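The data block below is start-v7.txt; it holds compact mmCIF, C-alpha atoms and all ligand atoms.
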```txt
# COMPACT_ATOMS: atom_id res chain seq x y z
CA MET A 1 -4.39 -22.66 16.69
CA THR A 2 -7.68 -21.14 17.83
CA PRO A 3 -10.94 -23.13 17.94
CA ASP A 4 -13.40 -21.81 15.39
CA SER A 5 -16.02 -21.19 18.11
CA GLU A 6 -13.73 -18.63 19.77
CA LEU A 7 -13.41 -16.53 16.62
CA GLY A 8 -16.39 -14.23 17.09
CA ILE A 9 -16.18 -11.07 15.00
CA GLY A 10 -16.06 -7.64 16.67
CA GLN A 11 -16.71 -4.89 14.13
CA VAL A 12 -14.92 -1.58 14.72
CA GLY A 13 -16.22 1.27 12.62
CA LEU A 14 -19.86 0.68 11.72
CA GLY A 15 -20.17 2.94 8.66
CA SER A 16 -21.57 2.40 5.19
CA ILE A 17 -19.39 -0.46 3.93
CA THR A 18 -20.06 -2.62 6.99
CA GLY A 19 -23.63 -3.35 5.85
CA ALA A 20 -22.10 -5.20 2.85
CA HIS A 21 -19.63 -6.91 5.21
CA ARG A 22 -22.46 -8.29 7.34
CA GLN A 23 -24.49 -9.37 4.31
CA GLY A 24 -21.47 -11.36 3.14
CA TYR A 25 -20.87 -12.78 6.62
CA ARG A 26 -24.44 -14.06 6.77
CA LEU A 27 -24.03 -15.74 3.38
CA TYR A 28 -20.96 -17.66 4.54
CA GLY A 29 -21.85 -18.24 8.23
CA GLN A 30 -19.37 -15.76 9.75
CA PRO A 31 -20.55 -14.77 13.27
CA VAL A 32 -20.71 -11.07 14.21
CA VAL A 33 -20.82 -10.91 18.04
CA ALA A 34 -20.01 -7.26 18.82
CA GLY A 35 -19.63 -3.77 17.37
CA TYR A 36 -18.15 -0.40 18.32
CA ASP A 37 -18.36 3.04 16.71
CA PRO A 38 -18.03 6.43 18.44
CA ASN A 39 -21.09 7.62 16.53
CA PRO A 40 -24.36 6.73 18.37
CA ALA A 41 -26.35 6.66 15.12
CA ALA A 42 -23.97 4.05 13.65
CA ARG A 43 -24.28 1.99 16.84
CA ALA A 44 -28.08 2.18 16.70
CA ARG A 45 -28.14 0.95 13.07
CA PHE A 46 -25.86 -1.92 14.01
CA ALA A 47 -27.98 -2.88 17.06
CA GLU A 48 -31.08 -3.03 14.90
CA GLU A 49 -29.40 -5.23 12.29
CA GLU A 50 -27.54 -7.51 14.73
CA PRO A 51 -29.85 -7.91 17.77
CA ASP A 52 -27.75 -10.78 19.22
CA ALA A 53 -24.49 -8.80 19.10
CA THR A 54 -23.20 -6.64 21.97
CA VAL A 55 -22.94 -2.93 21.22
CA HIS A 56 -19.91 -1.30 22.88
CA GLU A 57 -19.36 2.39 23.59
CA THR A 58 -15.57 2.12 23.69
CA LEU A 59 -12.94 0.11 21.82
CA GLU A 60 -11.49 -0.96 25.17
CA SER A 61 -14.78 -2.55 26.15
CA LEU A 62 -15.09 -4.38 22.80
CA LEU A 63 -11.55 -5.73 23.17
CA ALA A 64 -12.41 -7.04 26.65
CA ASP A 65 -15.54 -8.82 25.37
CA PRO A 66 -14.90 -12.57 25.83
CA ARG A 67 -16.92 -13.43 22.71
CA VAL A 68 -14.63 -11.32 20.47
CA GLY A 69 -11.86 -13.42 18.92
CA LEU A 70 -10.92 -11.03 16.12
CA VAL A 71 -11.60 -7.47 15.05
CA ASP A 72 -12.98 -6.39 11.68
CA ILE A 73 -11.72 -2.79 11.18
CA ALA A 74 -13.66 -0.51 8.84
CA THR A 75 -12.73 2.92 10.16
CA PRO A 76 -11.64 5.44 7.53
CA HIS A 77 -8.03 4.81 6.55
CA HIS A 78 -6.70 8.32 7.24
CA ARG A 79 -3.79 8.24 9.67
CA PRO A 80 -5.48 9.95 12.70
CA THR A 81 -8.42 7.52 12.55
CA ARG A 82 -6.74 4.26 11.51
CA LEU A 83 -3.33 4.19 13.22
CA PRO A 84 -4.37 4.49 16.91
CA VAL A 85 -7.13 1.92 16.41
CA VAL A 86 -4.73 -0.62 14.88
CA GLN A 87 -2.15 0.07 17.60
CA GLN A 88 -4.69 -0.40 20.39
CA ILE A 89 -5.98 -3.68 18.93
CA ALA A 90 -2.43 -4.96 18.36
CA ASP A 91 -1.45 -4.02 21.94
CA ALA A 92 -4.46 -6.04 23.16
CA GLY A 93 -3.09 -9.03 21.22
CA VAL A 94 -6.24 -9.46 19.10
CA PRO A 95 -6.04 -10.57 15.43
CA MET A 96 -7.55 -8.15 12.92
CA LEU A 97 -8.88 -7.87 9.39
CA ILE A 98 -8.26 -4.31 8.16
CA GLN A 99 -10.29 -2.68 5.36
CA LYS A 100 -8.29 -1.62 2.33
CA PRO A 101 -6.38 0.53 1.84
CA LEU A 102 -4.26 -0.25 4.89
CA ALA A 103 -3.17 3.42 4.75
CA TYR A 104 -2.49 6.18 2.24
CA SER A 105 1.27 6.20 2.81
CA TYR A 106 3.95 3.55 3.19
CA GLU A 107 5.18 5.23 6.36
CA ASP A 108 1.76 4.93 8.05
CA ALA A 109 1.40 1.31 6.91
CA LEU A 110 4.83 0.46 8.26
CA GLU A 111 3.96 1.93 11.67
CA MET A 112 0.91 -0.33 11.79
CA VAL A 113 2.85 -3.40 10.73
CA GLN A 114 5.47 -2.65 13.37
CA ALA A 115 2.74 -2.54 16.08
CA ILE A 116 1.33 -5.81 14.70
CA GLU A 117 4.75 -7.50 14.66
CA ARG A 118 5.73 -6.14 18.11
CA ASN A 119 2.69 -7.84 19.59
CA GLY A 120 2.93 -11.01 17.49
CA VAL A 121 -0.67 -10.73 16.27
CA THR A 122 -1.99 -11.97 12.92
CA ALA A 123 -3.44 -9.30 10.65
CA MET A 124 -4.89 -9.48 7.17
CA VAL A 125 -5.78 -6.60 4.87
CA ASN A 126 -9.28 -6.80 3.40
CA GLN A 127 -8.18 -6.79 -0.26
CA ASN A 128 -11.62 -8.19 -1.08
CA MET A 129 -11.09 -8.17 -4.86
CA CYS A 130 -8.83 -11.20 -4.25
CA PHE A 131 -11.84 -13.09 -2.85
CA THR A 132 -14.57 -12.34 -5.37
CA PRO A 133 -15.96 -15.66 -6.59
CA GLY A 134 -14.57 -14.75 -10.05
CA SER A 135 -11.09 -13.98 -8.64
CA LEU A 136 -10.99 -17.41 -7.03
CA ARG A 137 -11.54 -18.95 -10.52
CA LEU A 138 -8.76 -16.71 -11.90
CA VAL A 139 -6.40 -17.83 -9.14
CA ASP A 140 -7.22 -21.48 -9.95
CA ALA A 141 -6.54 -20.91 -13.66
CA LEU A 142 -3.26 -19.03 -13.23
CA MET A 143 -1.74 -20.44 -10.06
CA LYS A 144 -2.98 -24.02 -10.01
CA ASP A 145 -3.67 -24.90 -13.66
CA ARG A 146 -0.93 -22.56 -15.03
CA VAL A 147 -3.04 -21.97 -18.15
CA VAL A 148 -0.78 -19.27 -19.63
CA GLY A 149 2.52 -20.68 -18.31
CA ARG A 150 4.72 -18.02 -16.69
CA PRO A 151 2.92 -14.69 -17.28
CA ASP A 152 4.75 -12.12 -19.48
CA PHE A 153 2.27 -9.27 -19.70
CA ALA A 154 -1.03 -8.17 -18.20
CA GLN A 155 -3.31 -5.23 -18.87
CA VAL A 156 -5.93 -3.75 -16.54
CA THR A 157 -8.57 -1.29 -17.80
CA VAL A 158 -10.94 0.67 -15.56
CA GLN A 159 -12.71 3.73 -17.04
CA TYR A 160 -15.99 5.12 -15.78
CA VAL A 161 -17.49 8.07 -13.93
CA PHE A 162 -16.78 8.05 -10.23
CA ASP A 163 -18.19 11.18 -8.70
CA LEU A 164 -19.70 11.64 -5.24
CA PRO A 165 -19.87 15.42 -4.75
CA ASP A 166 -21.97 15.04 -1.59
CA HIS A 167 -19.84 12.42 0.16
CA PRO A 168 -17.95 13.97 3.10
CA TRP A 169 -14.57 12.47 2.21
CA PHE A 170 -14.65 10.10 -0.80
CA GLY A 171 -12.73 11.82 -3.61
CA LYS A 172 -11.58 14.77 -1.49
CA ASP A 173 -8.22 13.46 -0.23
CA ASP A 174 -4.80 14.44 -1.64
CA ARG A 175 -4.34 10.76 -2.47
CA TRP A 176 -7.52 9.14 -3.67
CA TRP A 177 -7.68 7.27 -6.97
CA THR A 178 -4.53 5.16 -6.91
CA GLY A 179 -4.47 4.90 -3.09
CA ALA A 180 -8.12 4.02 -2.45
CA LEU A 181 -9.43 2.56 -5.76
CA THR A 182 -6.59 1.09 -7.83
CA VAL A 183 -5.45 -0.52 -4.58
CA HIS A 184 -8.03 -3.23 -5.34
CA HIS A 185 -6.11 -4.17 -8.49
CA PHE A 186 -2.76 -3.85 -6.77
CA GLY A 187 -3.96 -6.40 -4.20
CA LEU A 188 -4.97 -8.90 -6.88
CA LEU A 189 -1.75 -8.31 -8.88
CA GLN A 190 0.30 -8.83 -5.71
CA LEU A 191 -1.47 -12.14 -5.07
CA LEU A 192 -0.92 -13.34 -8.66
CA PHE A 193 2.48 -11.90 -9.59
CA GLY A 194 4.10 -10.54 -6.40
CA PRO A 195 5.64 -7.07 -6.12
CA PRO A 196 6.84 -5.17 -9.20
CA GLU A 197 10.43 -3.95 -9.20
CA THR A 198 9.64 -0.47 -10.58
CA VAL A 199 6.68 1.76 -11.43
CA TYR A 200 6.18 4.69 -13.76
CA ALA A 201 2.92 6.53 -13.10
CA VAL A 202 0.91 9.53 -14.22
CA THR A 203 -1.77 10.69 -11.77
CA GLY A 204 -4.11 13.67 -12.02
CA ARG A 205 -7.69 14.90 -12.25
CA ASP A 206 -10.36 16.21 -14.58
CA GLU A 207 -10.78 19.79 -13.38
CA THR A 208 -14.44 19.83 -14.45
CA GLN A 209 -15.33 16.92 -12.14
CA PRO A 210 -17.24 18.24 -9.13
CA GLY A 211 -16.85 15.37 -6.62
CA VAL A 212 -13.20 14.37 -7.02
CA THR A 213 -11.18 17.42 -6.18
CA ILE A 214 -7.51 16.38 -6.39
CA ASP A 215 -6.75 12.85 -7.57
CA GLY A 216 -9.12 11.33 -10.14
CA TYR A 217 -6.95 9.00 -12.26
CA GLY A 218 -3.72 7.04 -12.20
CA HIS A 219 -2.16 5.25 -15.21
CA LEU A 220 0.78 3.01 -14.46
CA LEU A 221 3.41 0.80 -16.02
CA LEU A 222 4.86 -1.86 -13.72
CA ARG A 223 7.98 -3.97 -14.39
CA TYR A 224 8.64 -7.18 -12.46
CA PRO A 225 11.87 -8.97 -11.49
CA SER A 226 10.83 -11.87 -13.80
CA GLY A 227 10.76 -9.53 -16.84
CA MET A 228 6.97 -9.42 -16.77
CA SER A 229 5.20 -6.07 -17.14
CA VAL A 230 1.69 -4.80 -16.36
CA ALA A 231 -0.05 -1.76 -17.89
CA ILE A 232 -2.88 -0.22 -15.87
CA THR A 233 -5.28 2.38 -17.25
CA SER A 234 -7.45 3.46 -14.35
CA THR A 235 -9.72 6.47 -14.18
CA GLY A 236 -12.92 7.68 -12.58
CA THR A 237 -13.04 10.70 -14.92
CA TYR A 238 -14.31 8.89 -18.05
CA TYR A 239 -17.79 9.80 -19.33
CA GLY A 240 -17.33 8.61 -22.92
CA THR A 241 -19.30 5.95 -24.71
CA ASP A 242 -17.28 2.86 -23.69
CA PRO A 243 -17.32 2.65 -19.89
CA VAL A 244 -15.55 -0.21 -18.07
CA PRO A 245 -16.74 0.20 -14.49
CA HIS A 246 -14.95 -0.80 -11.31
CA GLY A 247 -16.65 -4.04 -10.28
CA ASN A 248 -16.42 -5.36 -13.80
CA GLU A 249 -13.01 -4.15 -14.94
CA LYS A 250 -11.10 -5.79 -17.79
CA LEU A 251 -7.97 -7.80 -17.08
CA TRP A 252 -6.04 -9.89 -19.58
CA ILE A 253 -2.87 -11.83 -18.99
CA GLN A 254 -0.53 -13.29 -21.62
CA GLY A 255 2.09 -16.02 -21.26
CA PRO A 256 3.78 -18.46 -23.64
CA GLU A 257 0.87 -20.94 -23.34
CA GLY A 258 -2.00 -18.54 -23.92
CA ILE A 259 -4.04 -15.51 -22.92
CA VAL A 260 -6.64 -15.21 -20.16
CA ASP A 261 -9.42 -12.64 -20.53
CA TRP A 262 -11.27 -12.03 -17.28
CA ARG A 263 -13.75 -9.79 -15.54
CA PRO A 264 -14.70 -10.21 -11.86
CA GLU A 265 -18.35 -10.68 -12.73
CA GLY A 266 -17.99 -11.53 -16.42
CA GLY A 267 -16.49 -14.99 -16.90
CA LEU A 268 -13.02 -16.14 -17.93
CA ALA A 269 -11.76 -17.21 -21.36
CA VAL A 270 -8.46 -18.92 -22.16
CA SER A 271 -7.25 -18.46 -25.77
CA ARG A 272 -4.48 -20.60 -27.21
CA ARG A 273 -2.71 -20.93 -30.56
CA SER A 274 -3.62 -24.13 -32.32
CA GLY A 275 -1.56 -24.20 -35.50
CA ALA A 276 -2.69 -21.23 -37.57
CA GLU A 277 -5.97 -21.03 -35.62
CA PHE A 278 -6.89 -19.94 -32.10
CA GLU A 279 -8.79 -22.11 -29.64
CA VAL A 280 -10.93 -20.61 -26.89
CA THR A 281 -12.04 -22.32 -23.66
CA ARG A 282 -14.56 -20.54 -21.47
CA VAL A 283 -14.98 -20.88 -17.70
CA ASP A 284 -18.08 -19.56 -15.99
CA TRP A 285 -19.40 -19.51 -12.44
CA ASP A 286 -22.66 -18.89 -10.66
CA ARG A 287 -23.47 -15.28 -11.66
CA GLU A 288 -25.56 -14.90 -8.51
CA ARG A 289 -22.27 -14.91 -6.62
CA ARG A 290 -20.89 -11.38 -6.94
CA TRP A 291 -18.19 -9.10 -5.54
CA PHE A 292 -20.69 -7.35 -3.21
CA PRO A 293 -21.44 -9.01 -0.83
CA ASP A 294 -19.86 -12.42 -1.49
CA ALA A 295 -16.23 -11.27 -1.47
CA PHE A 296 -16.65 -9.89 2.07
CA GLY A 297 -17.97 -13.21 3.36
CA LEU A 298 -15.22 -15.16 1.59
CA THR A 299 -12.45 -12.83 2.81
CA MET A 300 -13.62 -13.24 6.41
CA ALA A 301 -14.04 -17.01 5.96
CA HIS A 302 -10.44 -17.19 4.71
CA PHE A 303 -9.13 -15.14 7.65
CA ARG A 304 -11.01 -17.13 10.31
CA GLN A 305 -9.95 -20.46 8.77
CA ALA A 306 -6.31 -19.30 8.64
CA LEU A 307 -6.51 -18.31 12.32
CA ALA A 308 -8.16 -21.62 13.23
CA ALA A 309 -5.41 -23.51 11.37
CA GLY A 310 -2.62 -21.35 12.83
CA ARG A 311 -1.61 -20.34 9.26
CA GLU A 312 -0.57 -16.98 7.80
CA PRO A 313 -3.53 -15.65 5.80
CA LEU A 314 -3.20 -14.53 2.20
CA CYS A 315 -3.01 -10.70 1.96
CA SER A 316 -1.40 -10.44 5.41
CA ALA A 317 -0.49 -6.96 6.67
CA GLN A 318 3.19 -7.75 6.00
CA ASP A 319 2.44 -8.92 2.46
CA ASN A 320 0.40 -5.74 1.94
CA LEU A 321 3.47 -3.57 2.58
CA HIS A 322 4.33 -4.33 -1.07
CA VAL A 323 0.98 -2.91 -2.16
CA MET A 324 1.59 0.14 0.02
CA ALA A 325 5.09 0.56 -1.42
CA LEU A 326 3.61 0.48 -4.91
CA ILE A 327 1.11 3.22 -3.98
CA GLU A 328 3.90 5.34 -2.49
CA ALA A 329 6.16 4.75 -5.49
CA ALA A 330 3.36 5.60 -7.94
CA TYR A 331 2.68 9.00 -6.38
CA ARG A 332 6.41 9.73 -6.18
CA SER A 333 6.84 8.69 -9.81
CA SER A 334 4.10 11.00 -10.99
CA ALA A 335 5.30 13.94 -8.88
CA GLU A 336 8.92 13.57 -10.05
CA ASN A 337 8.25 12.20 -13.56
CA ARG A 338 10.62 9.25 -13.18
CA VAL A 339 10.67 5.48 -12.78
CA VAL A 340 10.66 4.62 -9.06
CA PRO A 341 12.02 1.29 -7.73
CA LEU A 342 10.05 -0.24 -4.84
CA ALA A 343 13.40 -0.83 -3.11
CA GLU A 344 13.66 2.96 -2.74
CA ILE A 345 10.46 2.89 -0.65
CA MET A 346 10.97 -0.39 1.24
CA GLY A 347 14.70 -0.23 2.07
CA ASP A 348 15.70 -3.38 3.97
CA ARG A 349 12.21 -4.86 3.58
CA TRP A 350 12.61 -5.09 -0.22
CA ASN A 351 13.36 -8.66 -1.30
CA PRO A 352 13.66 -9.15 -5.09
CA GLY A 353 13.06 -12.88 -4.61
CA TYR A 354 9.85 -12.44 -2.59
CA GLY A 355 7.67 -14.23 -5.16
CA THR A 356 3.90 -14.12 -5.42
CA GLY A 357 1.54 -13.17 -2.59
CA TRP A 358 0.00 -16.57 -3.20
CA SER A 359 3.23 -18.29 -2.08
CA HIS A 360 3.13 -16.37 1.23
CA GLY A 361 -0.21 -17.43 2.69
CA PHE A 362 -2.77 -20.14 3.24
CA GLY A 363 -2.78 -21.18 -0.43
CA GLU A 364 -4.37 -24.59 0.17
CA TRP A 365 -7.48 -22.90 1.56
CA VAL A 366 -10.69 -24.18 0.02
CA ALA A 367 -13.47 -21.58 -0.21
CA PRO A 368 -16.70 -22.53 1.55
CA GLU A 369 -20.00 -22.86 -0.30
CA VAL A 370 -22.62 -20.19 0.19
CA LEU A 371 -25.26 -21.03 2.84
CA GLU A 372 -28.92 -21.32 1.93
CA VAL A 373 -29.90 -18.07 3.67
CA THR A 374 -31.31 -14.77 2.51
CA ALA A 375 -28.68 -12.03 2.86
N1 LIG B 1 -14.97 -2.46 -1.64
C1 LIG B 1 -14.41 -2.12 -0.50
O1 LIG B 1 -13.64 -2.89 -0.01
C2 LIG B 1 -14.70 -0.80 0.21
C3 LIG B 1 -15.81 -0.05 -0.17
C4 LIG B 1 -16.08 1.14 0.55
C5 LIG B 1 -15.22 1.53 1.60
N2 LIG B 1 -14.11 0.78 1.90
C6 LIG B 1 -13.17 1.19 2.97
O2 LIG B 1 -13.80 0.98 4.23
C7 LIG B 1 -13.39 1.99 5.16
C8 LIG B 1 -14.64 2.67 5.74
O3 LIG B 1 -15.40 3.22 4.68
P1 LIG B 1 -16.94 3.62 4.86
O4 LIG B 1 -17.45 3.95 3.51
O5 LIG B 1 -17.65 2.60 5.69
O6 LIG B 1 -16.75 4.97 5.69
P2 LIG B 1 -17.85 5.74 6.57
O7 LIG B 1 -17.34 7.13 6.69
O8 LIG B 1 -19.22 5.49 6.03
O9 LIG B 1 -17.78 5.00 7.98
C9 LIG B 1 -16.69 5.05 8.83
C10 LIG B 1 -17.16 4.77 10.26
O10 LIG B 1 -16.01 4.72 11.14
C11 LIG B 1 -16.39 5.35 12.34
N3 LIG B 1 -15.18 5.75 13.09
C12 LIG B 1 -14.48 6.90 12.99
N4 LIG B 1 -13.46 6.87 13.88
C13 LIG B 1 -13.55 5.69 14.55
C14 LIG B 1 -12.79 5.11 15.58
N5 LIG B 1 -11.73 5.72 16.12
N6 LIG B 1 -13.17 3.89 16.05
C15 LIG B 1 -14.23 3.25 15.51
N7 LIG B 1 -14.99 3.77 14.52
C16 LIG B 1 -14.64 4.98 14.04
C17 LIG B 1 -17.25 6.52 11.91
O11 LIG B 1 -18.04 7.01 12.99
C18 LIG B 1 -18.09 5.87 10.80
O12 LIG B 1 -19.28 5.30 11.31
C19 LIG B 1 -12.49 2.95 4.37
O13 LIG B 1 -11.15 2.61 4.61
C20 LIG B 1 -12.83 2.68 2.92
O14 LIG B 1 -11.78 2.89 2.03
C21 LIG B 1 -13.86 -0.38 1.22
```

Before anything else, please render the file you have as structure tokens.
Amino acid sequence: MTPDSELGIGQVGLGSITGAHRQGYRLYGQPVVAGYDPNPAARARFAEEEPDATVHETLESLLADPRVGLVDIATPHHRPTRLPVVQQIADAGVPMLIQKPLAYSYEDALEMVQAIERNGVTAMVNQNMCFTPGSLRLVDALMKDRVVGRPDFAQVTVQYVFDLPDHPWFGKDDRWWTGALTVHHFGLLQLLFGPPETVYAVTGRDETQPGVTIDGYGHLLLRYPSGMSVAITSTGTYYGTDPVPHGNEKLWIQGPEGIVDWRPEGGLAVSRRSGAEFEVTRVDWDRERRWFPDAFGLTMAHFRQALAAGREPLCSAQDNLHVMALIEAAYRSSAENRVVPLAEIMGDRWNPGYGTGWSHGFGEWVAPEVLEVTA
């Protein structure tokens, strides 16, 4: 167990997403004490925003900072940038929260997890969709209140225009849509249902789209050891008249007791058969509390509380290997036009009885209330 006061946050990689991280941390009282980025402009922006934090010019120096109790990694997730950073932090024995996706390939993710396990450090992947205020209500409904009973089927729909032609790397990688975007949904599905047994996937692109050059959509069918299945329609190529944007995607889940309709920022409804009629119960939450930035503050709060309690966090790096195996299996499925079992990717690490991600972490965690501060 680590006293809360020793869990100062050292941010590594101070690029665009870390502004939202810090906004969320301020909302939930999560202390940023240090930052490092090789880019002087990124360090200068950080220094201006966090005048009480120490700005480091090397990772080594940040890791030696006595105020740093954990590292918040937000470097790009490409192998040459991510892997050595994770290895160095693991070798220093420092716990870390790692921005999603952990990696683009299962092989890279496994190398990181091996470094983490070799050094006995605790690491969590920042699957922040699991910690949106709305997701926490969904978890309560499905995992605690069991409102649909044992889930049989779920459907995820994401369809909108995602196009950043001027961004230096978003949308330009060989693996992009399923690896970097649908990974949000994979993280939530892993928490709720655990790993699927097999995946069939179709990935591709709209050749007229200027900013996403290789991998612009990924539609998947997942089958689970329990007999459950999940259909995912996910695309950033859609410019039709019925957009369903990432951030407010549609998810519905059916079980013998009912159906849950849910959107991260759009409320939750439970529908049940009542004789020949249907009965609907609606659950809402404070709409001021959104994915950006609240989920970042809540993810960090969860990680720091798990460390303080000496508990495995939800979405641990080991748990996330299932998400990474799903990504790997999806690309293989699409390339080879066949159903791919996750066991084929995970080998000895595949356990058909693994269960939900929820059953593998600090599931009794109670989310903190937002502080009365301006983010
Ligand atoms: N909703 C979300 O959770 C969300 C949203 C956007 C981005 N992301 C993820 O966050 C990560 C970063 O994305 P971004 O948009 O901030 O990228 P970015 O390109 O804006 O910033 C990356 C930063 O990392 C720095 N960097 C590069 N190599 C480094 C190293 N060895 N050590 C320390 N810093 C290094 C760069 O100088 C840059 O400042 C990516 O993995 C991305 O997928 C997540």

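Residues in contact with ligand LIG 1 (chain B) (atom pairs separated by at most 6 Å; only C-alpha atoms and all ligand atoms) are Val12, Gly13, Leu14, Gly15, Ser16, Ile17, Thr18, Asp37, Pro38, Asn39, Ala42, Ala74, Thr75, Pro76, His77, Thr81, Val85, Gln99, Lys100, Pro101, Asn128 and Ala180 of chain A.
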
Task: Selection: 7 Å around Glu265 in chain A, all atoms listed in the file, excl. self and same-chain fewer than 4 positions, as a PyMOL selection string - done: chain A and resi 134+248+287+290

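Taking CA of Leu326 in chain A and CA of Leu342 in chain A as the two end points, the separation is 6.5 Å.
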
TODO: Excluding Gly357 in chain A and any residue of its chain fewer than 3 positions from it, enumerate the residues within 6 Å of it, using all atoms listed in the file, and give them as a list in words.
DONE: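 In the requested format, the answer is Gln190, Leu191, Gly194 and His360 of chain A.
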
Open item on the list: Quick check, in Å to one decimal: how far apart do CA of Leu70 in chain A and CA of Val32 in chain A lie?
Closed with: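 These two atoms are separated by 10.0 Å.
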